[in-house]
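Remarks on the structure that follows.
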Amino acid sequence: MMTTVYIDQANGVDAAGHGTIDLPYQTLAYAIFSMPIAAIGETMHYQIRKGPEAQYDALTQSAMKKTKKDTQGLEKKHLKAEAEENEACKWQDKCEMQLEESKKVILAKDLSLLMLIKSNITCLAIYRDKRVHVCGWVHHKRNQQEIMFIILRDGTGHLQAVFMGQTNKTYDAVTLQLEAAVKLTGTLKLVPEGQKEPGGHELVVNYWKVLGPAPGGDDAFTNKLNEESFCTENSHMHCHLSEYIHLEAELAFVDFDDLSRPSIARKICESVDKVFANPTTVALVKMLNPNFIAPARPFKWMSYLEAIAWLNEHAILHKAEDAEGNTIKDADGKPVMVPHSIGDDVAEAAEQQMTDIIGQPIVLYAFPAELKAFYMKKMPSKEGEEAGPVFMESCDLPLLNIGEIVNTQSGSACCTQVVLTSCNMGGLGVPPPRDQLVHLGE
């Protein structure tokens, strides 16, 4: 049986299923390549034309010979594509097997890790030949046989980390992506002579974990910029009434204890020192608030429970409220003043009185869960401690002659802490700025 194959060199398409008069091929080489070799010259009759205006003509023997080389080229490409596909399938099977095996690898956590040195990358040089742990984001990654190298970035510098043995065979190692947040533990070693790495040393990892996977899609950092910020707390502070009048900053890789005592005081005092060191800005502050006093360290730390007790000891009362939060008044229309009890919010007036009497910055922390936002982390209970009220990892900081300026809380699972600095514009007299999101990589 004779089968006719059509080739239109102008309008044809070299694709499977073509070759008819309505859907012709474009090249003779592809037409011959697409047909079984045994059928060529026996059952196939080729009709070819140069364009739609021309008539189809039978294929000549000379044209068939000229096309032979092109047909062989197509055959080689086909064989190469098949080989690459087979290799890709083998690689996929290997990766899937490696992934399944990685789920069985569990790194044993050494209890001595709790006593390790925690450091920023920029300060690591003094800890060479010592065991340390560092946190950061995966900036670069490469695999070399049984070893994985990553460049870690923490906002202060870069560090090469080396993963060998079991540390390179875990599920997290196999699936690790760039920009994932990780915590690495290991020994800091000088790099071999002749090699150059950031800082002149590298971390040989013996234990590690992923704190947060690399965000993508809607969760990507670039898709989170310029979002509006809202206050979700039930608070009586004036600064909370203005949702857009604040500076919002993030501190990475610190827990609540790391963030708290030294960090808050240092950042606030250093910020104020910089403002006062500039003649222009200090003049503006003195003009708007002549009574402003630069805070001095140390700051006084007081838990919510201690604050309630202190307020009652000093007979500082607050306005009584009904179940809907409305102020209760007496027969003369004056607010009913009552002692503070557990569960009451510490209002701005009470905070200000406390600050004035004590005469130094006070950091109030561990507020009840019902007074703080739903997204804040709960404070861990102590071993053997009976169940009781739930307190949150958050703190407020009222300053003398200013009022509350800082509201701090624990953030995401990757140990990023969010510092919400609420600027009391009533105290400083500064026009409301636009919302700003600042990330302090340290």
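If you're wondering about the labels, chains in the structure tokens are A, B, ... by order shown, residues count from 1 in each chain, ligands from 1 in order shown.
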DSSP on the backbone, then: every residue of range 50-166 of chain A marked strand (DSSP E), written as a ChimeraX atom specification.
-> /A:57-58,117-118,131-144,147-153,158-163
Identify, on the basis of only C-alpha atoms, every residue whose closest approach to range 339-350 of chain A does not exceed 10 Å; exclude the query and any residue fewer than 6 positions from it along the same chain; express the result as a VMD selection string.
-> chain A and resid 234 to 239 304 to 305 307 to 313 315 to 321 356 364 367 to 372 389 398 403 to 404
Could the residues in this selection be written to a file with N, CA, C and O atoms, as a compact mmCIF listing (two decimals), in the first residue's frame?
```txt
# COMPACT_ATOMS: atom_id res chain seq x y z
N ASN A 234 -5.17 45.06 73.11
CA ASN A 234 -6.20 45.80 73.82
C ASN A 234 -5.50 46.66 74.87
O ASN A 234 -5.29 46.25 75.99
N SER A 235 -5.06 47.85 74.47
CA SER A 235 -4.23 48.67 75.34
C SER A 235 -4.84 50.04 75.55
O SER A 235 -5.58 50.55 74.71
N HIS A 236 -4.53 50.63 76.72
CA HIS A 236 -5.03 51.97 77.04
C HIS A 236 -4.00 53.05 76.76
O HIS A 236 -4.19 54.19 77.17
N MET A 237 -2.87 52.69 76.14
CA MET A 237 -1.81 53.67 75.88
C MET A 237 -2.17 54.56 74.70
O MET A 237 -2.67 54.09 73.68
N HIS A 238 -1.89 55.87 74.84
CA HIS A 238 -2.16 56.80 73.74
C HIS A 238 -1.39 56.43 72.50
O HIS A 238 -1.86 56.58 71.38
N CYS A 239 -0.14 55.94 72.70
CA CYS A 239 0.68 55.65 71.53
C CYS A 239 0.11 54.50 70.71
O CYS A 239 0.39 54.37 69.53
N TYR A 304 5.16 41.82 85.29
CA TYR A 304 3.79 42.33 85.42
C TYR A 304 3.27 42.10 86.83
O TYR A 304 2.65 43.01 87.43
N LEU A 305 3.51 40.91 87.38
CA LEU A 305 3.03 40.61 88.74
C LEU A 305 3.69 41.53 89.76
O LEU A 305 3.02 42.02 90.69
N ALA A 307 4.80 44.52 89.13
CA ALA A 307 4.27 45.86 88.89
C ALA A 307 2.91 46.04 89.56
O ALA A 307 2.64 47.10 90.17
N ILE A 308 2.05 45.03 89.48
CA ILE A 308 0.73 45.11 90.12
C ILE A 308 0.91 45.26 91.63
O ILE A 308 0.25 46.10 92.28
N ALA A 309 1.81 44.46 92.20
CA ALA A 309 2.06 44.55 93.64
C ALA A 309 2.62 45.93 94.01
O ALA A 309 2.21 46.53 95.02
N TRP A 310 3.54 46.45 93.21
CA TRP A 310 4.15 47.76 93.49
C TRP A 310 3.10 48.88 93.44
O TRP A 310 3.09 49.76 94.30
N LEU A 311 2.24 48.83 92.44
CA LEU A 311 1.21 49.86 92.32
C LEU A 311 0.27 49.86 93.52
O LEU A 311 -0.11 50.93 94.03
N ASN A 312 -0.09 48.67 93.98
CA ASN A 312 -0.98 48.59 95.13
C ASN A 312 -0.27 49.02 96.41
O ASN A 312 -0.87 49.67 97.28
N GLU A 313 1.01 48.68 96.54
CA GLU A 313 1.77 49.10 97.72
C GLU A 313 1.88 50.62 97.80
O GLU A 313 1.93 51.19 98.89
N ALA A 315 -0.39 52.66 96.59
CA ALA A 315 -1.75 53.21 96.52
C ALA A 315 -2.03 53.94 95.21
O ALA A 315 -2.71 54.98 95.19
N ILE A 316 -1.51 53.43 94.12
CA ILE A 316 -1.81 53.98 92.79
C ILE A 316 -3.00 53.22 92.23
O ILE A 316 -2.91 52.01 91.96
N LEU A 317 -4.10 53.89 92.09
CA LEU A 317 -5.34 53.25 91.67
C LEU A 317 -5.58 53.43 90.17
O LEU A 317 -4.89 54.18 89.50
N HIS A 318 -6.60 52.74 89.71
CA HIS A 318 -6.98 52.92 88.30
C HIS A 318 -8.50 52.96 88.21
O HIS A 318 -9.22 52.58 89.15
N LYS A 319 -9.00 53.43 87.10
CA LYS A 319 -10.45 53.55 86.91
C LYS A 319 -11.09 52.18 86.77
O LYS A 319 -10.63 51.34 85.99
N ALA A 320 -12.17 51.99 87.51
CA ALA A 320 -12.91 50.72 87.42
C ALA A 320 -13.68 50.69 86.10
O ALA A 320 -14.15 51.72 85.60
N GLU A 321 -13.80 49.51 85.52
CA GLU A 321 -14.50 49.34 84.25
C GLU A 321 -15.52 48.22 84.35
O GLU A 321 -15.35 47.27 85.13
N ASP A 356 7.94 58.04 87.36
CA ASP A 356 8.33 59.27 88.05
C ASP A 356 8.86 58.98 89.45
O ASP A 356 9.83 59.60 89.91
N LEU A 364 8.74 46.67 81.79
CA LEU A 364 7.69 45.79 82.31
C LEU A 364 7.55 44.60 81.37
O LEU A 364 7.39 44.77 80.16
N PHE A 367 3.47 39.95 80.52
CA PHE A 367 2.07 40.32 80.67
C PHE A 367 1.17 39.11 80.45
O PHE A 367 1.53 38.19 79.70
N PRO A 368 -0.02 39.10 81.05
CA PRO A 368 -0.96 38.00 80.81
C PRO A 368 -1.34 37.90 79.34
O PRO A 368 -1.38 38.91 78.63
N ALA A 369 -1.64 36.69 78.91
CA ALA A 369 -1.94 36.45 77.50
C ALA A 369 -3.12 37.28 77.01
O ALA A 369 -3.14 37.76 75.88
N GLU A 370 -4.13 37.49 77.90
CA GLU A 370 -5.33 38.21 77.45
C GLU A 370 -5.07 39.69 77.19
O GLU A 370 -5.90 40.37 76.56
N LEU A 371 -3.94 40.22 77.65
CA LEU A 371 -3.62 41.62 77.43
C LEU A 371 -2.75 41.84 76.21
O LEU A 371 -2.50 42.99 75.82
N LYS A 372 -2.26 40.77 75.61
CA LYS A 372 -1.34 40.90 74.49
C LYS A 372 -1.89 40.26 73.23
O LYS A 372 -2.89 39.53 73.26
N PRO A 389 -1.67 31.14 85.36
CA PRO A 389 -1.90 32.10 84.27
C PRO A 389 -0.82 32.00 83.20
O PRO A 389 0.33 31.70 83.49
N PRO A 398 8.34 52.35 79.54
CA PRO A 398 8.02 53.77 79.68
C PRO A 398 9.25 54.57 80.12
O PRO A 398 10.04 54.09 80.94
N GLY A 403 6.70 58.66 78.41
CA GLY A 403 5.69 57.61 78.35
C GLY A 403 6.25 56.38 77.68
O GLY A 403 7.46 56.25 77.46
N GLU A 404 5.37 55.47 77.33
CA GLU A 404 5.83 54.21 76.74
C GLU A 404 6.42 54.44 75.36
O GLU A 404 5.80 55.06 74.50
```
For Gly165 in chain A, work out the shell of residues within 9 Å, counting only C-alpha atoms and skipping chain neighbours fewer than 2 positions away, then give it as a list in words.
-> Glu146, Ile147, Phe163, Thr167, Asn168, Lys169 and Asn206 of chain A
Calculate how many Å separate CA of Asp257 in chain A from CA of Glu393 in chain A, rounding to one decimal.
-> 9.2 Å
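Using only C-alpha atoms, the smallest distance between any of A:Arg153, A:Lys378, A:Lys104, A:Ala294 and Ser271 in chain A comes from A:Ala294.
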Selected residue of minimal separation from Thr20 in chain A among A:Cys135, A:Ile7, A:Leu399, A:Ile126, counting only C-alpha atoms |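 The closest residue to Thr20 in chain A is A:Ile7.
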Using only C-alpha atoms: which of A:Val162, A:Leu178, A:Val5, A:Ile293 has the shortest distance to Val191 in chain A = A:Val162
What lies within 7 Å of Tyr6 in chain A using only C-alpha atoms, ignoring chain neighbours under 3 positions off, as a CSV table (one decimal) with C-alpha atoms, in the first residue's frame?
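Full text of result35.csv as output:
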```csv
chain,number,residue,atom,x,y,z
A,19,GLY,CA,2.6,14.8,6.8
A,20,THR,CA,-0.8,15.0,5.4
A,21,ILE,CA,-1.9,17.4,2.6
A,24,PRO,CA,2.4,19.0,5.8
A,25,TYR,CA,6.0,18.7,7.2
A,46,TYR,CA,7.0,12.0,-1.0
A,47,GLN,CA,5.4,15.1,-2.5
A,48,ILE,CA,7.3,18.3,-1.9
```
If you count only C-alpha atoms, which residues fall within 8 Å of His140 in chain A, apart from same-chain ones fewer than 6 positions away, as a list in words?
->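 The filter keeps Ile150, Ile151, Leu152 and Leu178 of chain A.
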For Leu28 in chain A, find every residue with an atom within 12 Å (counting only C-alpha atoms), except residues of its own chain fewer than 6 positions away, and show them as a compact mmCIF listing (two decimals) with N, CA, C and O atoms, in the first residue's frame.
```txt
# COMPACT_ATOMS: atom_id res chain seq x y z
N VAL A 5 3.35 11.25 1.57
CA VAL A 5 3.78 12.18 2.62
C VAL A 5 4.03 13.53 1.96
O VAL A 5 4.74 13.61 0.94
N TYR A 6 3.48 14.60 2.57
CA TYR A 6 3.57 15.93 1.97
C TYR A 6 4.54 16.80 2.76
O TYR A 6 4.55 16.81 4.01
N ILE A 7 5.35 17.58 1.99
CA ILE A 7 6.30 18.52 2.59
C ILE A 7 6.11 19.87 1.93
O ILE A 7 6.22 20.01 0.72
N ASP A 8 5.77 20.89 2.78
CA ASP A 8 5.64 22.27 2.32
C ASP A 8 6.77 23.06 2.98
O ASP A 8 6.73 23.35 4.17
N GLN A 9 7.79 23.42 2.20
CA GLN A 9 8.99 24.05 2.75
C GLN A 9 8.75 25.46 3.29
O GLN A 9 9.58 25.99 4.02
N GLY A 12 4.93 24.42 6.16
CA GLY A 12 4.80 23.16 6.88
C GLY A 12 5.35 23.26 8.30
O GLY A 12 6.00 24.22 8.69
N VAL A 13 5.07 22.22 9.10
CA VAL A 13 5.53 22.16 10.49
C VAL A 13 6.12 20.79 10.75
O VAL A 13 5.48 19.77 10.49
N ASP A 14 7.35 20.78 11.28
CA ASP A 14 7.99 19.51 11.63
C ASP A 14 7.54 19.08 13.02
O ASP A 14 8.10 19.50 14.04
N GLY A 19 2.28 15.57 8.03
CA GLY A 19 2.65 14.82 6.82
C GLY A 19 1.50 14.64 5.85
O GLY A 19 1.69 14.15 4.74
N SER A 34 10.94 10.69 10.53
CA SER A 34 9.74 10.34 11.29
C SER A 34 9.12 9.03 10.83
O SER A 34 8.28 8.47 11.52
N MET A 35 9.52 8.51 9.65
CA MET A 35 8.96 7.27 9.12
C MET A 35 9.86 6.08 9.45
O MET A 35 11.08 6.22 9.53
N HIS A 45 5.57 7.62 -0.53
CA HIS A 45 5.68 8.44 -1.73
C HIS A 45 5.69 9.90 -1.26
O HIS A 45 4.73 10.37 -0.66
N TYR A 46 6.81 10.60 -1.49
CA TYR A 46 6.99 11.95 -0.98
C TYR A 46 6.62 12.98 -2.03
O TYR A 46 7.08 12.91 -3.17
N GLN A 47 5.79 13.92 -1.60
CA GLN A 47 5.41 15.06 -2.46
C GLN A 47 5.93 16.33 -1.78
O GLN A 47 5.66 16.58 -0.60
N ILE A 48 6.65 17.16 -2.53
CA ILE A 48 7.29 18.33 -1.93
C ILE A 48 7.04 19.56 -2.80
O ILE A 48 6.95 19.47 -4.02
N ARG A 49 6.90 20.72 -2.10
CA ARG A 49 6.76 21.99 -2.81
C ARG A 49 7.45 23.08 -1.99
O ARG A 49 7.65 22.95 -0.78
N LYS A 50 7.80 24.19 -2.68
CA LYS A 50 8.53 25.27 -2.02
C LYS A 50 7.61 26.30 -1.35
O LYS A 50 8.07 27.09 -0.53
N ALA A 58 6.93 15.11 -7.18
CA ALA A 58 7.51 13.90 -6.61
C ALA A 58 8.97 14.15 -6.23
O ALA A 58 9.67 14.94 -6.86
N LEU A 59 9.44 13.48 -5.20
CA LEU A 59 10.81 13.63 -4.71
C LEU A 59 11.78 12.95 -5.68
O LEU A 59 11.57 11.82 -6.10
N THR A 60 12.86 13.66 -6.02
CA THR A 60 13.87 13.10 -6.90
C THR A 60 14.91 12.34 -6.09
O THR A 60 15.08 12.56 -4.88
N ALA A 63 17.59 14.66 -4.58
CA ALA A 63 17.13 15.34 -3.36
C ALA A 63 17.17 14.41 -2.16
O ALA A 63 17.52 14.82 -1.04
N MET A 64 16.87 13.11 -2.40
CA MET A 64 16.92 12.12 -1.33
C MET A 64 18.34 11.95 -0.81
O MET A 64 18.57 11.89 0.42
N LYS A 65 19.32 11.93 -1.71
CA LYS A 65 20.73 11.77 -1.31
C LYS A 65 21.21 12.99 -0.51
O LYS A 65 21.92 12.87 0.46
N LYS A 66 20.83 14.21 -0.98
CA LYS A 66 21.25 15.43 -0.28
C LYS A 66 20.67 15.50 1.15
O LYS A 66 21.25 16.11 2.05
N THR A 67 19.53 14.87 1.35
CA THR A 67 18.85 14.95 2.65
C THR A 67 19.39 13.92 3.64
O THR A 67 19.13 14.00 4.84
N LYS A 68 20.17 12.94 3.14
CA LYS A 68 20.63 11.84 4.00
C LYS A 68 21.41 12.36 5.22
O LYS A 68 21.21 11.90 6.34
N LYS A 69 22.32 13.36 5.02
CA LYS A 69 23.14 13.88 6.11
C LYS A 69 22.28 14.56 7.18
O LYS A 69 22.49 14.39 8.38
N ASP A 70 21.28 15.33 6.70
CA ASP A 70 20.38 16.00 7.65
C ASP A 70 19.58 14.99 8.46
O ASP A 70 19.33 15.18 9.66
N THR A 71 19.19 13.91 7.81
CA THR A 71 18.42 12.87 8.50
C THR A 71 19.27 12.19 9.58
O THR A 71 18.80 11.91 10.69
N LEU A 74 19.45 14.41 12.63
CA LEU A 74 18.25 14.31 13.45
C LEU A 74 18.25 13.03 14.28
O LEU A 74 17.82 13.03 15.45
```
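The space between CA of Pro215 in chain A and CA of His201 in chain A spans 29.1 Å.
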Glu179 in chain A proximity check over A:Tyr207, A:Phe149, A:Phe299, A:Trp137, using only C-alpha atoms: winner is A:Trp137
Please identify all polymer residues within 7 Å of Ala366 in chain A, counting only C-alpha atoms, omitting same-chain residues fewer than 5 positions from it, and present them as a list in words.
->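 Counting only the stated atoms, we get Ser303, Tyr304, Phe391, Met392, Glu393, Ser394 and Cys395 of chain A.
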Could you write out that same residue set with N, CA, C and O atoms as a short mmCIF file (atom, residue, chain, number, x, y, z; two decimals), in the first residue's frame?
```cif
data_model
loop_
_atom_site.label_atom_id
_atom_site.label_comp_id
_atom_site.auth_asym_id
_atom_site.auth_seq_id
_atom_site.Cartn_x
_atom_site.Cartn_y
_atom_site.Cartn_z
N SER A 303 8.53 42.46 86.49
CA SER A 303 7.50 41.64 85.87
C SER A 303 6.12 42.27 86.08
O SER A 303 5.93 43.12 86.97
N TYR A 304 5.16 41.82 85.29
CA TYR A 304 3.79 42.33 85.42
C TYR A 304 3.27 42.10 86.83
O TYR A 304 2.65 43.01 87.43
N PHE A 391 1.60 33.73 80.63
CA PHE A 391 2.23 35.02 80.39
C PHE A 391 2.98 34.97 79.07
O PHE A 391 3.41 33.92 78.60
N MET A 392 3.16 36.15 78.45
CA MET A 392 3.71 36.24 77.12
C MET A 392 5.13 36.81 77.14
O MET A 392 5.49 37.59 78.02
N GLU A 393 5.93 36.42 76.13
CA GLU A 393 7.28 36.95 75.99
C GLU A 393 7.20 38.33 75.34
O GLU A 393 7.39 38.49 74.13
N SER A 394 6.89 39.31 76.16
CA SER A 394 6.77 40.68 75.67
C SER A 394 7.12 41.64 76.79
O SER A 394 7.12 41.27 77.97
N CYS A 395 7.45 42.87 76.43
CA CYS A 395 7.76 43.87 77.45
C CYS A 395 7.45 45.26 76.94
O CYS A 395 7.46 45.52 75.74
#
```
Range 64-214 of chain A: residues DSSP assigns to alpha helix (DSSP H), reported as a ChimeraX atom specification = /A:64-102,171-175
Interatomic distance (Å, one decimal) between CA of Asn326 in chain A and CA of Thr355 in chain A =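 Going from CA of Asn326 in chain A over to CA of Thr355 in chain A covers 26.2 Å.
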